[in-house]
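See structure below.
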Amino acid sequence: MTVEDPDQGRVALVTGGSRGIGAAIAQALAADGYRVAATSRSGTAPEGVLPVVCDVTDADSVDAAFTTVEKELGPVEVLVANAGITRDTLLARMSEEDFTSVLDTNLTGAYRVIRRAARAMTRARFGRIVVMSSVVGLLGSAGQVNYAASKAGLIGIARSVSRELGARGVTCNVVAPGFISTDMTAVLPDKVIADYRARIPARRLGEVDDVVNAVRFLTSDATSYITGAVIPVDGGLGMGH
Ligand code: NDP
């Protein structure tokens with residue numbers, strides 16, 4: 001399978017594609033006809049998706065993963081920078097390690113994969129980059145100083161990349177999910193979940209497919225004139241920000 005074959009779909013790479021939102025995005029893009037690789041530390045991927053081991057905190061690992069995908073599928077045309085972690089605790093108890101490890105995965109990790117992907121995208125004069133932020137990056141959240149900083153920083157990255165690469169046919173947009181039912185949110189106490197639900201205008205938690213649909217839109221060939229946008233997928237939770 002090579003990218004030169006015009007009958008083949010575009011090549012997409014989803015980081016953090018082993019489970020949750022990333023796995024669902026990888027699966028949906030594959031169903032839409034993209035040739036998809038999903039990267040993660042565990043290296044598992046949904047059916048029909050190329051699994052690739054990659055730790056986004058390690059630049060060599062990122063480079064090796066892209067090289068593998070280029071060999072197996074062709075140059076990456078669609079990048080979804082989705083890998084993320086939380087290490088929640090109140091500021092007074094948040095160690096420097098709690099802070100820097102979340103920044104290293106969520107923010108610097110996105111920088112590493114975008115930088116590596118940009119080479120081939122600018123050469124091809126086509127690229128779709130979507131970064132997975134959070135409503136928390138806009139609203140802030142008690143106990144998530146590290147996570148909120150990383151997710152707010154992604155907006156700065158995306159808007160700067162949009163300015164740098166816009167003329168080369170590369171778009172870079174942000175999806176900012178609210179509260180989505182996944183492993184990441186399953187660990188939260190019932191009371192926190194109930195409080196959130198009461199504050200969400202849609203009065204429900206989000207489903208993974210709510211996020212998947214926004215990503216499908218932003219990665220399609222049809223959205224060449226949307227870049228630097230922040231698309232909330234939060235049932236209205238972050239309205240006005
Ligand atoms: P999950 O915890 O279910 O999945 C996280 C994914 O990231 C896994 O595939 C994990 O794979 C991967 N990952 C974690 N660390 C690394 C690393 N260092 N290198 C490579 N991959 C890594 O999270 P969700 O699906 O819930 O979240 C996905 C994204 O959406 C995250 O960026 C999250 O911040 C964001 N988000 C989620 C919301 C929610 O309510 N669920 C709300 C707003 C934003 P592995 O462990 O194998 O490496």
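Starting from 1 in every chain, residues are counted up; chains themselves are A, B, ... following the order of the structure tokens, and ligands are numbered from 1 as listed.
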Closest pair table for stretch 100-173 of chain A residues within 9 Å of stretch 210-225 of chain A, only C-alpha atoms, as CSV:
residue,atom,partner,partner_atom,distance
A:Gly127,CA,A:Thr219,CA,8.6
A:Arg128,CA,A:Thr219,CA,5.4
A:Ile129,CA,A:Thr219,CA,7.2
A:Val130,CA,A:Val215,CA,7.1
A:Gly169,CA,A:Ser224,CA,7.3
A:Val170,CA,A:Ser224,CA,7.9
A:Thr171,CA,A:Ser224,CA,6.7
A:Cys172,CA,A:Leu218,CA,8.8
A:Asn173,CA,A:Leu218,CA,7.3
*Give as a PyMOL selection string the residues surrounding ligand 1 up to a distance of 6 Å, considering only C-alpha atoms and all ligand atoms.*
chain A and resi 15-22+40-42+54-57+82-85+105+132-134+177-185
For N, CA and C atoms, I'd like the residues from the last selection saved as an mmCIF file, in the first residue's frame.
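Result file follows (part.cif):
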data_model
loop_
_atom_site.group_PDB
_atom_site.id
_atom_site.type_symbol
_atom_site.label_atom_id
_atom_site.label_comp_id
_atom_site.auth_asym_id
_atom_site.auth_seq_id
_atom_site.Cartn_x
_atom_site.Cartn_y
_atom_site.Cartn_z
ATOM 1 N N THR A 15 -2.921 10.245 17.651
ATOM 2 C CA THR A 15 -2.152 9.903 18.853
ATOM 3 C C THR A 15 -3.126 9.597 19.991
ATOM 4 N N GLY A 16 -2.699 8.701 20.879
ATOM 5 C CA GLY A 16 -3.612 8.291 21.951
ATOM 6 C C GLY A 16 -4.791 7.538 21.369
ATOM 7 N N GLY A 17 -4.503 6.679 20.391
ATOM 8 C CA GLY A 17 -5.578 5.979 19.673
ATOM 9 C C GLY A 17 -5.869 4.590 20.207
ATOM 10 N N SER A 18 -5.359 4.271 21.388
ATOM 11 C CA SER A 18 -5.553 2.900 21.911
ATOM 12 C C SER A 18 -6.903 2.724 22.593
ATOM 13 N N ARG A 19 -7.486 3.806 23.069
ATOM 14 C CA ARG A 19 -8.786 3.685 23.751
ATOM 15 C C ARG A 19 -9.491 5.041 23.734
ATOM 16 N N GLY A 20 -10.709 5.048 24.287
ATOM 17 C CA GLY A 20 -11.433 6.306 24.485
ATOM 18 C C GLY A 20 -11.680 7.066 23.197
ATOM 19 N N ILE A 21 -11.550 8.379 23.297
ATOM 20 C CA ILE A 21 -11.866 9.275 22.186
ATOM 21 C C ILE A 21 -10.962 8.987 20.974
ATOM 22 N N GLY A 22 -9.678 8.793 21.226
ATOM 23 C CA GLY A 22 -8.729 8.575 20.123
ATOM 24 C C GLY A 22 -9.043 7.311 19.344
ATOM 25 N N SER A 40 0.160 4.958 20.548
ATOM 26 C CA SER A 40 0.001 5.022 22.005
ATOM 27 C C SER A 40 1.193 4.306 22.621
ATOM 28 N N ARG A 41 1.349 4.437 23.938
ATOM 29 C CA ARG A 41 2.456 3.717 24.587
ATOM 30 C C ARG A 41 2.194 2.219 24.561
ATOM 31 N N SER A 42 0.932 1.819 24.703
ATOM 32 C CA SER A 42 0.627 0.380 24.728
ATOM 33 C C SER A 42 0.643 -0.221 23.328
ATOM 34 N N CYS A 54 4.164 4.529 20.422
ATOM 35 C CA CYS A 54 4.766 5.869 20.426
ATOM 36 C C CYS A 54 4.467 6.557 21.753
ATOM 37 N N ASP A 55 5.519 7.017 22.393
ATOM 38 C CA ASP A 55 5.354 7.827 23.601
ATOM 39 C C ASP A 55 5.581 9.281 23.193
ATOM 40 N N VAL A 56 4.559 10.107 23.308
ATOM 41 C CA VAL A 56 4.680 11.488 22.814
ATOM 42 C C VAL A 56 5.614 12.351 23.678
ATOM 43 N N THR A 57 6.056 11.808 24.818
ATOM 44 C CA THR A 57 7.016 12.571 25.630
ATOM 45 C C THR A 57 8.453 12.361 25.145
ATOM 46 N N ASN A 82 -4.202 13.836 20.016
ATOM 47 C CA ASN A 82 -5.253 13.548 21.004
ATOM 48 C C ASN A 82 -4.708 13.008 22.325
ATOM 49 N N ALA A 83 -3.475 12.485 22.319
ATOM 50 C CA ALA A 83 -2.947 11.844 23.537
ATOM 51 C C ALA A 83 -2.978 12.831 24.702
ATOM 52 N N GLY A 84 -3.457 12.359 25.839
ATOM 53 C CA GLY A 84 -3.518 13.258 26.995
ATOM 54 C C GLY A 84 -3.643 12.490 28.291
ATOM 55 N N ILE A 85 -3.181 13.125 29.355
ATOM 56 C CA ILE A 85 -3.309 12.535 30.694
ATOM 57 C C ILE A 85 -3.796 13.609 31.671
ATOM 58 N N THR A 105 3.248 15.684 28.314
ATOM 59 C CA THR A 105 2.409 14.812 27.474
ATOM 60 C C THR A 105 1.434 15.638 26.639
ATOM 61 N N MET A 132 -6.578 18.122 20.456
ATOM 62 C CA MET A 132 -7.654 17.849 21.415
ATOM 63 C C MET A 132 -7.405 18.658 22.681
ATOM 64 N N SER A 133 -8.142 19.751 22.808
ATOM 65 C CA SER A 133 -8.033 20.586 24.001
ATOM 66 C C SER A 133 -9.125 20.151 24.974
ATOM 67 N N SER A 134 -9.703 21.094 25.677
ATOM 68 C CA SER A 134 -10.770 20.788 26.647
ATOM 69 C C SER A 134 -11.447 22.089 27.036
ATOM 70 N N PRO A 177 -13.579 19.445 23.951
ATOM 71 C CA PRO A 177 -14.694 18.688 24.523
ATOM 72 C C PRO A 177 -14.996 19.137 25.943
ATOM 73 N N GLY A 178 -16.250 18.951 26.307
ATOM 74 C CA GLY A 178 -16.642 19.134 27.707
ATOM 75 C C GLY A 178 -16.435 17.826 28.435
ATOM 76 N N PHE A 179 -17.466 17.383 29.101
ATOM 77 C CA PHE A 179 -17.368 16.190 29.924
ATOM 78 C C PHE A 179 -17.819 14.980 29.101
ATOM 79 N N ILE A 180 -16.868 14.140 28.691
ATOM 80 C CA ILE A 180 -17.187 12.996 27.822
ATOM 81 C C ILE A 180 -16.989 11.699 28.618
ATOM 82 N N SER A 181 -17.923 10.768 28.493
ATOM 83 C CA SER A 181 -17.801 9.479 29.218
ATOM 84 C C SER A 181 -16.695 8.625 28.618
ATOM 85 N N THR A 182 -15.567 8.526 29.311
ATOM 86 C CA THR A 182 -14.451 7.650 28.902
ATOM 87 C C THR A 182 -13.743 7.183 30.174
ATOM 88 N N ASP A 183 -12.660 6.387 29.998
ATOM 89 C CA ASP A 183 -11.847 5.941 31.153
ATOM 90 C C ASP A 183 -11.375 7.136 31.972
ATOM 91 N N MET A 184 -11.043 8.248 31.255
ATOM 92 C CA MET A 184 -10.470 9.413 31.937
ATOM 93 C C MET A 184 -11.460 10.008 32.948
ATOM 94 N N THR A 185 -12.753 9.994 32.597
ATOM 95 C CA THR A 185 -13.748 10.613 33.478
ATOM 96 C C THR A 185 -14.418 9.585 34.403
#
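Minimum distance to A:Gln144 across A:Leu13, A:Met94, A:Val187, A:Ile157 (counting only C-alpha atoms) occurs at A:Met94.
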_Neighbour list for A:Glu77 as number ranges by chain, cut-off 7 Å, only C-alpha atoms, skip fewer than 6 positions in-chain_ = A: 10-12, 121, 126-128
*From a DSSP pass on the backbone, collect the residues of stretch 24-201 of chain A flagged as helix (DSSP H, G or I) and hand them back as an NGL selection string.*
:A and (24-31 or 59-72 or 91-93 or 96-124 or 136-139 or 145-168 or 183-186 or 190-199)
